[in-house]
>>> print(open('work_2.tsv').read())   # TSV, C-alpha atoms
chain	number	residue	atom	x	y	z
F	226	MET	CA	23.64	-3.30	-29.40
F	227	ILE	CA	20.39	-4.72	-28.04
F	228	GLU	CA	17.46	-2.33	-28.34
F	229	LYS	CA	15.39	-1.84	-25.24
F	230	GLU	CA	11.93	-3.34	-25.66
F	231	GLU	CA	9.23	-0.70	-25.67
F	232	VAL	CA	6.57	-1.12	-23.00
F	233	VAL	CA	3.08	-1.40	-24.50
F	234	TYR	CA	0.27	-0.30	-22.20
F	235	GLU	CA	-3.29	-1.55	-22.50
F	236	LYS	CA	-5.87	1.13	-23.26
F	237	ALA	CA	-8.22	1.34	-20.30
F	238	ILE	CA	-11.17	3.41	-19.10
F	239	LEU	CA	-12.31	3.93	-15.53
F	240	ILE	CA	-15.86	3.98	-14.18
F	241	GLY	CA	-17.07	5.29	-10.83
F	242	VAL	CA	-20.34	6.48	-9.34
F	243	ILE	CA	-21.31	9.48	-7.21
F	244	THR	CA	-23.65	8.32	-4.44
F	245	ARG	CA	-24.99	9.55	-1.14
F	246	GLU	CA	-21.97	8.00	0.58
F	247	GLN	CA	-19.41	9.18	-2.00
F	248	ASN	CA	-19.50	12.75	-3.30
F	249	GLU	CA	-17.87	14.02	-6.48
F	250	GLU	CA	-14.69	15.19	-4.75
F	251	LYS	CA	-14.20	11.86	-2.99
F	252	LEU	CA	-14.85	9.97	-6.22
F	253	LYS	CA	-12.17	12.02	-8.00
F	254	GLU	CA	-9.65	11.06	-5.31
F	255	PHE	CA	-10.51	7.38	-5.70
F	256	LEU	CA	-10.33	7.56	-9.50
F	257	ASP	CA	-6.93	9.31	-9.31
F	258	GLU	CA	-5.72	6.42	-7.18
F	259	LEU	CA	-7.38	3.88	-9.48
F	260	GLU	CA	-5.57	5.43	-12.45
F	261	PHE	CA	-2.23	5.03	-10.64
F	262	LEU	CA	-3.16	1.42	-9.84
F	263	THR	CA	-3.99	0.82	-13.52
F	264	PHE	CA	-0.64	2.32	-14.58
F	265	THR	CA	1.16	0.14	-12.06
F	266	ALA	CA	-0.56	-2.94	-13.52
F	267	GLY	CA	0.40	-1.99	-17.07
F	268	GLY	CA	-2.53	0.05	-18.33
F	269	GLU	CA	-2.96	3.53	-19.80
F	270	VAL	CA	-6.15	5.31	-18.78
F	271	ILE	CA	-7.55	7.27	-21.71
F	272	HIS	CA	-10.92	8.27	-20.27
F	273	ARG	CA	-13.08	8.29	-17.15
F	274	PHE	CA	-16.84	7.86	-16.91
F	275	THR	CA	-18.82	8.90	-13.86
F	276	GLN	CA	-22.52	8.80	-13.06
F	277	LYS	CA	-24.56	10.27	-10.24
F	278	MET	CA	-27.04	7.82	-8.73
F	279	ASP	CA	-28.50	6.95	-5.34
F	280	MET	CA	-26.84	3.54	-5.45
F	281	PRO	CA	-25.15	1.39	-8.13
F	282	ASN	CA	-27.43	-0.54	-10.48
F	283	SER	CA	-27.79	-4.09	-9.15
F	284	LYS	CA	-27.50	-5.60	-12.66
F	285	THR	CA	-24.96	-3.46	-14.50
F	286	PHE	CA	-23.54	-1.11	-11.80
F	287	ILE	CA	-24.26	1.93	-14.05
F	288	GLY	CA	-27.49	2.88	-15.85
F	289	SER	CA	-28.44	1.68	-19.34
F	290	GLY	CA	-27.94	5.12	-20.92
F	291	LYS	CA	-24.43	5.47	-19.48
F	292	MET	CA	-23.68	1.90	-20.56
F	293	GLU	CA	-24.56	2.80	-24.18
F	294	GLU	CA	-22.27	5.84	-23.94
F	295	VAL	CA	-19.43	3.66	-22.66
F	296	LYS	CA	-20.05	1.07	-25.40
F	297	ALA	CA	-19.85	3.73	-28.12
F	298	TYR	CA	-16.58	5.08	-26.70
F	299	ILE	CA	-15.05	1.59	-26.53
F	300	ASP	CA	-15.94	0.83	-30.13
F	301	GLN	CA	-14.54	4.16	-31.32
F	302	HIS	CA	-11.23	4.13	-29.43
F	303	GLY	CA	-10.27	0.46	-29.34
F	304	VAL	CA	-10.33	0.14	-25.54
F	305	SER	CA	-9.31	-3.30	-24.28
F	306	THR	CA	-9.99	-3.02	-20.54
F	307	ILE	CA	-12.61	-1.35	-18.36
F	308	VAL	CA	-11.92	-0.89	-14.64
F	309	PHE	CA	-14.64	-0.20	-12.05
F	310	ASP	CA	-13.68	1.61	-8.86
F	311	ASP	CA	-15.83	-0.61	-6.64
F	312	GLU	CA	-16.04	-4.37	-6.35
F	313	LEU	CA	-18.54	-5.87	-8.81
F	314	SER	CA	-20.79	-8.77	-7.91
F	315	PRO	CA	-20.36	-11.90	-10.08
F	316	SER	CA	-23.68	-11.22	-11.83
F	317	GLN	CA	-22.79	-7.56	-12.49
F	318	GLN	CA	-19.47	-8.53	-14.03
F	319	LYS	CA	-21.11	-11.19	-16.22
F	320	ASN	CA	-23.82	-8.77	-17.43
F	321	ILE	CA	-21.34	-5.97	-18.20
F	322	GLU	CA	-19.03	-8.31	-20.13
F	323	ARG	CA	-21.96	-9.54	-22.23
F	324	ILE	CA	-22.91	-5.97	-23.16
F	325	LEU	CA	-19.45	-4.44	-23.69
F	326	GLU	CA	-17.63	-7.54	-24.99
F	327	ILE	CA	-14.28	-6.53	-23.46
F	328	LYS	CA	-12.31	-7.37	-20.33
F	329	VAL	CA	-14.07	-6.08	-17.21
F	330	ILE	CA	-12.27	-5.91	-13.87
F	331	ASP	CA	-12.90	-4.10	-10.59
F	332	ARG	CA	-10.62	-2.45	-8.03
F	333	THR	CA	-10.24	-5.67	-6.04
F	334	HIS	CA	-9.23	-7.68	-9.12
F	335	LEU	CA	-6.80	-4.95	-10.14
F	336	ILE	CA	-5.07	-4.90	-6.75
F	337	LEU	CA	-4.85	-8.69	-6.75
F	338	ASP	CA	-3.27	-8.52	-10.20
F	339	ILE	CA	-0.63	-6.03	-9.02
F	340	PHE	CA	0.13	-8.26	-6.06
F	341	ALA	CA	0.56	-11.19	-8.47
F	342	GLN	CA	3.13	-9.13	-10.41
F	343	ARG	CA	5.01	-8.04	-7.31
F	344	ALA	CA	5.12	-11.29	-5.32
F	345	GLN	CA	8.74	-12.49	-5.30
F	346	THR	CA	8.99	-15.18	-2.63
F	347	SER	CA	7.14	-18.47	-2.44
F	348	TYR	CA	5.36	-17.21	0.67
F	349	ALA	CA	4.07	-14.04	-1.00
F	350	ARG	CA	3.02	-15.95	-4.11
F	351	THR	CA	1.09	-18.41	-1.96
F	352	GLN	CA	-0.69	-15.57	-0.16
F	353	VAL	CA	-1.63	-13.89	-3.43
F	354	GLU	CA	-2.76	-17.14	-5.04
F	355	LEU	CA	-5.03	-17.85	-2.08
F	356	ALA	CA	-6.59	-14.39	-2.33
F	357	GLN	CA	-7.08	-14.84	-6.09
F	358	TYR	CA	-8.85	-18.17	-5.70
F	359	GLN	CA	-11.09	-16.78	-2.95
F	360	TYR	CA	-12.03	-13.94	-5.28
F	361	LEU	CA	-12.50	-16.35	-8.20
F	362	LEU	CA	-14.69	-18.95	-6.50
F	363	PRO	CA	-18.06	-17.12	-6.67
F	364	ARG	CA	-17.29	-15.95	-10.23
F	365	LEU	CA	-16.57	-19.31	-11.86
F	366	ALA	CA	-19.91	-19.63	-13.64
F	367	GLY	CA	-19.36	-16.66	-15.91
F	368	MET	CA	-15.61	-16.89	-16.39
F	369	TRP	CA	-15.23	-19.39	-19.21
F	370	THR	CA	-16.22	-17.32	-22.25
F	371	HIS	CA	-14.45	-14.32	-20.75
F	372	LEU	CA	-11.19	-16.24	-20.43
F	373	GLU	CA	-11.47	-17.82	-23.86
F	374	ARG	CA	-11.82	-14.37	-25.38
F	375	GLN	CA	-9.05	-12.61	-23.46
F	376	LYS	CA	-5.45	-13.80	-23.26
F	377	GLY	CA	-2.91	-12.22	-20.94
F	378	GLY	CA	-2.66	-8.63	-19.74
F	379	ILE	CA	-4.09	-6.85	-16.72
F	380	GLY	CA	-6.11	-9.11	-14.45
F	381	MET	CA	-4.99	-12.34	-16.14
F	382	ARG	CA	-1.97	-13.31	-14.02
F	383	GLY	CA	-1.72	-16.00	-11.40
F	384	PRO	CA	-4.09	-18.96	-11.54
F	385	GLY	CA	-5.87	-17.65	-14.67
F	386	GLU	CA	-4.16	-20.06	-17.07
F	387	THR	CA	-5.80	-23.09	-15.45
F	388	GLU	CA	-9.23	-21.66	-14.72
F	389	ILE	CA	-10.86	-23.12	-17.84
F	390	GLU	CA	-10.24	-26.68	-16.56
F	391	THR	CA	-11.25	-25.78	-13.03
F	392	ASP	CA	-14.56	-26.31	-11.30
F	393	ARG	CA	-15.73	-25.22	-7.88
F	394	ARG	CA	-14.68	-28.44	-6.18
F	395	ILE	CA	-11.11	-28.19	-7.47
F	396	VAL	CA	-10.90	-24.51	-6.51
F	397	ARG	CA	-12.15	-25.25	-2.99
F	398	ASP	CA	-9.60	-28.05	-2.68
F	399	ARG	CA	-6.89	-25.67	-3.86
F	400	ILE	CA	-7.97	-23.04	-1.31
F	401	THR	CA	-7.78	-25.64	1.47
F	402	LEU	CA	-4.34	-26.73	0.29
F	403	LEU	CA	-3.05	-23.13	0.18
F	404	LYS	CA	-4.45	-22.37	3.65
F	405	ASN	CA	-2.69	-25.43	5.06
F	406	LYS	CA	0.54	-24.42	3.32
F	407	LEU	CA	0.30	-20.92	4.81
F	408	LYS	CA	-0.34	-22.36	8.28
F	409	THR	CA	2.88	-24.36	8.00
F	410	ILE	CA	4.86	-21.35	6.80
F	411	ASP	CA	3.26	-19.17	9.49
F	412	LYS	CA	4.51	-21.54	12.20
F	413	GLN	CA	8.01	-21.41	10.71
F	414	MET	CA	7.93	-17.61	10.57
F	415	ALA	CA	6.63	-17.41	14.14
F	416	THR	CA	9.58	-19.58	15.21
F	417	GLN	CA	11.96	-17.29	13.31
F	418	ARG	CA	10.50	-14.24	15.01
F	419	GLY	CA	10.88	-15.99	18.36
F	420	ASN	CA	14.52	-16.75	17.61
F	421	ARG	CA	15.39	-13.11	17.11
F	422	GLY	CA	16.01	-12.78	20.80
F	423	LYS	CA	14.95	-9.81	22.86
F	424	LEU	CA	15.92	-7.07	20.43
F	425	VAL	CA	13.47	-4.19	20.19
F	426	ARG	CA	11.35	-4.49	17.05
F	427	VAL	CA	10.48	-1.45	14.95
F	428	ALA	CA	8.08	-1.65	11.99
F	429	LEU	CA	7.59	0.81	9.14
F	430	VAL	CA	3.90	1.20	8.35
F	431	GLY	CA	1.97	3.52	6.10
F	432	TYR	CA	-0.03	3.95	2.95
F	433	THR	CA	1.40	2.43	-0.22
F	434	ASN	CA	4.05	4.47	-2.07
F	435	VAL	CA	4.89	6.83	0.81
F	436	GLY	CA	8.60	5.98	0.80
F	437	LYS	CA	8.88	3.22	3.43
F	438	SER	CA	11.28	1.12	1.38
F	439	THR	CA	13.43	4.17	0.55
F	440	LEU	CA	13.60	5.01	4.25
F	441	MET	CA	14.47	1.38	5.01
F	442	ASN	CA	17.35	1.56	2.53
F	443	VAL	CA	18.65	4.79	4.06
F	444	ILE	CA	18.50	3.52	7.64
F	445	SER	CA	19.84	0.01	7.10
F	446	LYS	CA	21.84	0.46	3.87
F	447	SER	CA	19.97	-2.55	2.50
F	448	LYS	CA	18.77	-2.92	-1.09
F	449	VAL	CA	15.03	-3.20	-0.61
F	450	PHE	CA	13.21	-2.70	-3.90
F	451	ALA	CA	11.78	0.83	-4.09
F	452	GLU	CA	9.87	2.30	-7.03
F	453	ASN	CA	7.37	5.09	-7.64
F	454	LYS	CA	4.55	2.62	-8.13
F	455	LEU	CA	1.93	1.24	-5.79
F	456	PHE	CA	2.81	-1.93	-3.84
F	457	ALA	CA	6.48	-1.96	-4.84
F	458	THR	CA	7.11	-4.10	-1.75
F	459	LEU	CA	5.05	-7.16	-0.76
F	460	ASP	CA	7.45	-9.32	1.23
F	461	THR	CA	8.31	-8.16	4.71
F	462	THR	CA	12.02	-7.33	4.96
F	463	VAL	CA	13.74	-7.37	8.36
F	464	ARG	CA	17.16	-5.83	8.99
F	465	LYS	CA	19.29	-5.40	12.09
F	466	VAL	CA	20.11	-1.71	12.57
F	467	VAL	CA	22.47	-0.09	15.08
F	468	ILE	CA	22.15	3.54	16.16
F	469	GLY	CA	24.80	4.62	18.61
F	470	ASN	CA	25.43	1.56	20.76
F	471	LEU	CA	21.87	0.29	20.46
F	472	PRO	CA	20.83	-2.51	18.04
F	473	PHE	CA	17.21	-3.12	17.01
F	474	LEU	CA	15.27	-4.93	14.28
F	475	LEU	CA	13.62	-2.86	11.56
F	476	SER	CA	10.94	-4.33	9.29
F	477	ASP	CA	9.45	-2.93	6.09
F	478	THR	CA	5.84	-4.05	5.59
F	479	VAL	CA	3.33	-4.08	2.74
F	480	GLY	CA	1.65	-0.73	2.14
F	481	PHE	CA	-1.99	-0.11	3.00
F	482	ILE	CA	-4.63	1.28	0.64
F	483	ARG	CA	-8.22	2.46	0.79
F	484	LYS	CA	-10.79	-0.19	-0.14
F	485	LEU	CA	-8.20	-2.91	0.54
F	486	PRO	CA	-9.69	-6.25	-0.64
F	487	THR	CA	-10.90	-8.46	2.18
F	488	GLN	CA	-9.20	-11.44	0.56
F	489	LEU	CA	-5.81	-9.74	0.85
F	490	VAL	CA	-6.32	-8.72	4.47
F	491	GLU	CA	-7.07	-12.37	5.27
F	492	SER	CA	-4.21	-13.79	3.20
F	493	PHE	CA	-1.62	-11.32	4.50
F	494	LYS	CA	-2.52	-11.63	8.19
F	495	SER	CA	0.76	-13.36	8.97
F	496	THR	CA	2.71	-10.65	7.14
F	497	LEU	CA	0.94	-8.14	9.37
F	498	ASP	CA	2.16	-10.12	12.39
F	499	GLU	CA	5.39	-8.14	12.01
F	500	VAL	CA	3.31	-5.07	12.81
F	501	ARG	CA	1.44	-6.78	15.65
F	502	GLU	CA	4.65	-7.92	17.33
F	503	ALA	CA	6.50	-4.64	16.87
F	504	ASP	CA	7.40	-2.57	19.92
F	505	LEU	CA	7.44	0.69	17.96
F	506	LEU	CA	5.71	1.77	14.75
F	507	LEU	CA	7.12	4.38	12.38
F	508	HIS	CA	4.02	5.64	10.57
F	509	VAL	CA	5.38	7.10	7.33
F	510	VAL	CA	3.22	9.67	5.51
F	511	ASP	CA	3.72	11.18	2.05
F	512	ILE	CA	3.15	14.84	2.92
F	513	SER	CA	3.34	15.81	-0.76
F	514	HIS	CA	0.17	13.85	-1.55
F	515	PRO	CA	-2.99	16.03	-1.62
F	516	GLN	CA	-4.98	13.37	0.27
F	517	PHE	CA	-2.40	12.52	2.91
F	518	GLU	CA	-4.94	13.10	5.71
F	519	ASP	CA	-7.21	10.42	4.24
F	520	HIS	CA	-4.19	8.13	3.98
F	521	ILE	CA	-3.46	8.62	7.68
F	522	GLU	CA	-7.06	7.74	8.53
F	523	SER	CA	-6.96	4.64	6.29
F	524	VAL	CA	-3.81	3.39	8.03
F	525	HIS	CA	-5.37	4.04	11.44
F	526	THR	CA	-8.43	2.03	10.39
F	527	ILE	CA	-6.37	-0.99	9.34
F	528	LEU	CA	-4.16	-0.75	12.44
F	529	ASN	CA	-7.35	-0.78	14.50
F	530	GLU	CA	-8.56	-3.89	12.63
F	531	ILE	CA	-5.37	-5.77	13.56
F	532	ASP	CA	-5.40	-4.46	17.17
F	533	CYS	CA	-2.35	-2.20	16.75
F	534	LYS	CA	-3.91	1.25	17.06
F	535	ASP	CA	-2.59	1.85	20.59
F	536	LYS	CA	1.02	0.87	19.91
F	537	ARG	CA	3.78	3.38	20.53
F	538	THR	CA	4.04	5.30	17.24
F	539	ILE	CA	6.16	8.05	15.70
F	540	MET	CA	4.55	10.01	12.86
F	541	VAL	CA	7.14	10.52	10.10
F	542	PHE	CA	6.11	12.98	7.38
F	543	ASN	CA	8.24	12.09	4.36
F	544	LYS	CA	8.83	13.72	0.95
F	545	ILE	CA	9.04	17.30	2.22
F	546	ASP	CA	11.26	17.88	-0.83
F	547	ALA	CA	8.31	17.08	-3.13
F	548	TYR	CA	5.79	19.23	-1.27
F	549	THR	CA	3.95	22.00	-3.12
F	550	HIS	CA	1.93	24.68	-1.37
F	551	GLU	CA	-1.35	23.41	-2.83
F	552	THR	CA	-1.07	20.42	-0.52
F	553	ILE	CA	-1.80	22.46	2.62
F	554	GLU	CA	-3.73	25.65	3.20
F	555	ALA	CA	-1.42	28.66	3.37
F	556	ASP	CA	-2.70	29.50	6.86
F	557	ASP	CA	-1.09	26.32	8.15
F	558	LEU	CA	2.38	27.76	7.60
F	559	SER	CA	3.98	30.82	9.10
F	560	THR	CA	5.53	32.06	5.84
F	561	GLU	CA	4.42	32.92	2.35
F	562	PRO	CA	3.33	29.79	0.41
F	563	THR	CA	6.46	29.39	-1.66
F	564	LYS	CA	8.37	26.15	-1.52
F	565	ALA	CA	11.72	27.83	-0.84
F	566	HIS	CA	10.44	29.17	2.51
F	567	TYR	CA	9.40	25.84	4.01
F	568	THR	CA	12.00	25.29	6.69
F	569	LEU	CA	11.88	22.60	9.35
F	570	GLU	CA	10.87	25.30	11.81
F	571	ASP	CA	7.88	26.12	9.61
F	572	TRP	CA	6.83	22.49	9.47
F	573	GLN	CA	7.08	22.24	13.24
F	574	GLN	CA	4.54	25.06	13.59
F	575	THR	CA	1.87	23.24	11.58
F	576	TRP	CA	-0.92	21.11	13.02
F	577	MET	CA	0.82	17.99	11.70
F	578	SER	CA	3.66	18.36	14.21
F	579	LYS	CA	1.13	18.05	17.04
F	580	ILE	CA	0.07	14.54	15.96
F	581	GLY	CA	1.32	12.07	18.54
F	582	ASP	CA	4.42	13.08	20.46
F	583	LYS	CA	6.05	15.62	18.11
F	584	ALA	CA	6.00	14.38	14.53
F	585	LEU	CA	9.13	14.30	12.37
F	586	PHE	CA	9.53	15.87	8.92
F	587	ILE	CA	12.08	14.30	6.59
F	588	SER	CA	13.07	13.60	3.00
F	589	ALA	CA	14.34	10.03	2.88
F	590	ILE	CA	15.51	10.28	-0.71
F	591	ASN	CA	17.51	13.49	-0.01
F	592	LYS	CA	18.44	12.40	3.55
F	593	GLU	CA	17.08	15.67	4.90
F	594	ASN	CA	16.62	15.92	8.70
F	595	MET	CA	17.79	12.32	9.14
F	596	GLU	CA	19.86	13.33	12.18
F	597	SER	CA	16.68	14.25	14.07
F	598	PHE	CA	15.09	11.04	12.87
F	599	ARG	CA	17.99	8.97	14.23
F	600	LYS	CA	18.02	10.75	17.58
F	601	ARG	CA	14.28	10.34	18.03
F	602	THR	CA	14.37	6.68	17.02
F	603	TYR	CA	17.32	6.10	19.36
F	604	LYS	CA	15.43	7.69	22.26
F	605	GLU	CA	12.26	5.65	21.69
F	606	VAL	CA	14.11	2.36	21.19
F	607	ARG	CA	16.27	3.01	24.24
F	608	ASP	CA	13.22	3.75	26.42
F	609	ILE	CA	11.70	0.42	25.37
F	610	HIS	CA	14.99	-1.41	25.92
F	611	VAL	CA	15.55	0.07	29.38
F	612	THR	CA	12.01	-0.92	30.39
F	613	ARG	CA	12.70	-4.46	29.23
F	614	PHE	CA	16.25	-4.67	30.62
F	615	PRO	CA	16.45	-2.14	33.49
F	616	TYR	CA	19.96	-3.24	34.56
F	617	ASN	CA	21.66	-2.65	31.19
F	618	ASN	CA	23.73	0.52	31.03
F	619	PHE	CA	22.91	2.19	27.72
F	620	LEU	CA	23.66	5.79	26.96
F	621	TYR	CA	20.99	8.38	27.55
F	622	PRO	CA	19.67	10.35	24.56
F	623	GLU	CA	21.63	13.47	25.54
F	624	GLU	CA	24.83	11.42	25.38
F	625	PHE	CA	23.95	10.66	21.77
F	626	GLU	CA	25.73	13.90	20.82
F	627	SER	CA	29.09	12.50	21.90
F	628	TYR	CA	29.25	10.25	18.84
F	629	SER	CA	31.13	11.77	15.94
F	630	LYS	CA	29.81	9.09	13.63
F	631	ILE	CA	26.67	7.70	15.10
F	632	ASP	CA	25.56	5.10	12.62
F	633	ASP	CA	27.63	3.54	9.88
F	634	ASN	CA	24.41	2.06	8.52
F	635	ILE	CA	23.12	5.49	7.60
F	636	ASP	CA	26.10	7.73	6.85
F	637	GLU	CA	27.51	7.66	3.36
>>> encode(input="work_2.tsv", output="structure tokens")
Amino acid sequence: MIEKEEVVYEKAILIGVITREQNEEKLKEFLDELEFLTFTAGGEVIHRFTQKMDMPNSKTFIGSGKMEEVKAYIDQHGVSTIVFDDELSPSQQKNIERILEIKVIDRTHLILDIFAQRAQTSYARTQVELAQYQYLLPRLAGMWTHLERQKGGIGMRGPGETEIETDRRIVRDRITLLKNKLKTIDKQMATQRGNRGKLVRVALVGYTNVGKSTLMNVISKSKVFAENKLFATLDTTVRKVVIGNLPFLLSDTVGFIRKLPTQLVESFKSTLDEVREADLLLHVVDISHPQFEDHIESVHTILNEIDCKDKRTIMVFNKIDAYTHETIEADDLSTEPTKAHYTLEDWQQTWMSKIGDKALFISAINKENMESFRKRTYKEVRDIHVTRFPYNNFLYPEEFESYSKIDDNIDE
């Protein structure tokens, strides 16, 4: 019998600063998310360091006294990686590495590393590689000793193996080559999207790890990879779904995140074209997450950046099975704050249900309230279809009830 190989996590510490723009509560939220990102990348966070300052130190991000404290902790506990919550300048990273003598990465580098792990297709790998080289270019001068000292692990995937032989000219040439490659693939993908005919397009959008891929699997009975880690899905997956007598295309897109690296937004623009060209957005929210309101705002910000904020959207609050009463103030619900009392009627009396045109509350993993989800999706898709093809005779939403088995794609 073959023994299962034990996963070894790198010991890591996190560093963040409290500033005029970022209070202590907000920093805690970001560090909680950064810890999850570190775990996803293969690290174990054993400590956090925070410092209150008007603005980060231009040379070392944190002050000299705090840096000495961090150095002492690293030496005592054998830490191999230090992760900063904000993007470091090339000079900051170089200075910190010289003082601490361990691997130093920032949030942007960490997210890029996770994307490098998750990229499955040639297209996704090309997008990630481009973003990595764009991040690397201004940091080449101080990378050599860092890379000679550290081999493998978090932040060392992708083009890292060849960086020692690389200079700025070669990196710029590589960036140009990757951009041209993406342009070619983008044209091919645009042609593919054009060949899908006039079917209504529906796109799942939302913060990372809110359950989009799980919902995609339930609706389309596909086998999209879903895992309780950030950025489980990078490649856009498109499936044809039929509800009642009405077919439409459903796409699962990459999750959004706060402080999303600029390089990734640029590299994944074509992936986001699935969102731009969608007729209907299903904005999935993890209602069990304490900061779900911030997640909603982050998604709205990115949708605004790609000119999709005004698209027809259904708010879908997922994971009602994982909700605990600490997530929402007790006054928001009509019953005592005990999980057993949260019925769909209770959810519909909260302020969340007023977002958009009557939000939906579901549990994709437990298939709870999926009937309402199907009916609502059917109605919205049909309205779009009738507008596009006014002479086609499709059933009205109230006739939806006449189906004894509405969707073989969903039912067990």
>>> residues_around(input="work_2.tsv", residues="stretch 469-478 of chain F", least_positions_apart="2", cutoff="7 Å", atoms="all atoms listed in the file", output="list in words")
Leu424, Val425, Arg426, Val427, Ala428, Leu429, Val430, Lys437, Ser438, Met441, Thr461, Thr462, Val463, Arg464, Lys465, Val466, Val467, Gly480, Phe625, Ile631 and Asp632 of chain F
>>> residues_around(input="work_2.tsv", residues="F:Lys534", least_positions_apart="6", cutoff="12 Å", atoms="only C-alpha atoms", output="number ranges by chain")
F: 430, 500-501, 503, 505-506, 508, 521-528
>>> residues_around(input="work_2.tsv", residues="F:Arg613", least_positions_apart="5", cutoff="12 Å", atoms="only C-alpha atoms", output="PyMOL selection string")
chain F and resi 423-425+504+606-608
>>> write_last_selection(input="work_2.tsv", atoms="C-alpha atoms", output="mmCIF file, keeping the file's coordinate frame")
data_model
loop_
_atom_site.group_PDB
_atom_site.id
_atom_site.type_symbol
_atom_site.label_atom_id
_atom_site.label_comp_id
_atom_site.auth_asym_id
_atom_site.auth_seq_id
_atom_site.Cartn_x
_atom_site.Cartn_y
_atom_site.Cartn_z
ATOM 1 C CA LYS F 423 14.950 -9.810 22.860
ATOM 2 C CA LEU F 424 15.920 -7.070 20.430
ATOM 3 C CA VAL F 425 13.470 -4.190 20.190
ATOM 4 C CA ASP F 504 7.400 -2.570 19.920
ATOM 5 C CA VAL F 606 14.110 2.360 21.190
ATOM 6 C CA ARG F 607 16.270 3.010 24.240
ATOM 7 C CA ASP F 608 13.220 3.750 26.420
#
>>> atom_distance(input="work_2.tsv", atom1="atom CA of F:Val396", atom2="atom CA of F:Thr333")
18.9 Å
>>> residues_around(input="work_2.tsv", residues="F:Val233", least_positions_apart="4", cutoff="10 Å", atoms="all atoms listed in the file", output="ChimeraX atom specification")
/F:267-269
>>> closest_residue(input="work_2.tsv", among="F:Lys604, F:Lys404, F:Arg364, F:Arg350", to="F:His334", atoms="all atoms listed in the file")
F:Arg364
>>> closest_residue(input="work_2.tsv", among="F:Arg601, F:Lys319, F:Lys406, F:His514", to="F:Lys583", atoms="only C-alpha atoms")
F:Arg601
>>> atom_distance(input="work_2.tsv", atom1="atom CA of F:Glu254", atom2="atom CA of F:Lys544")
19.7 Å
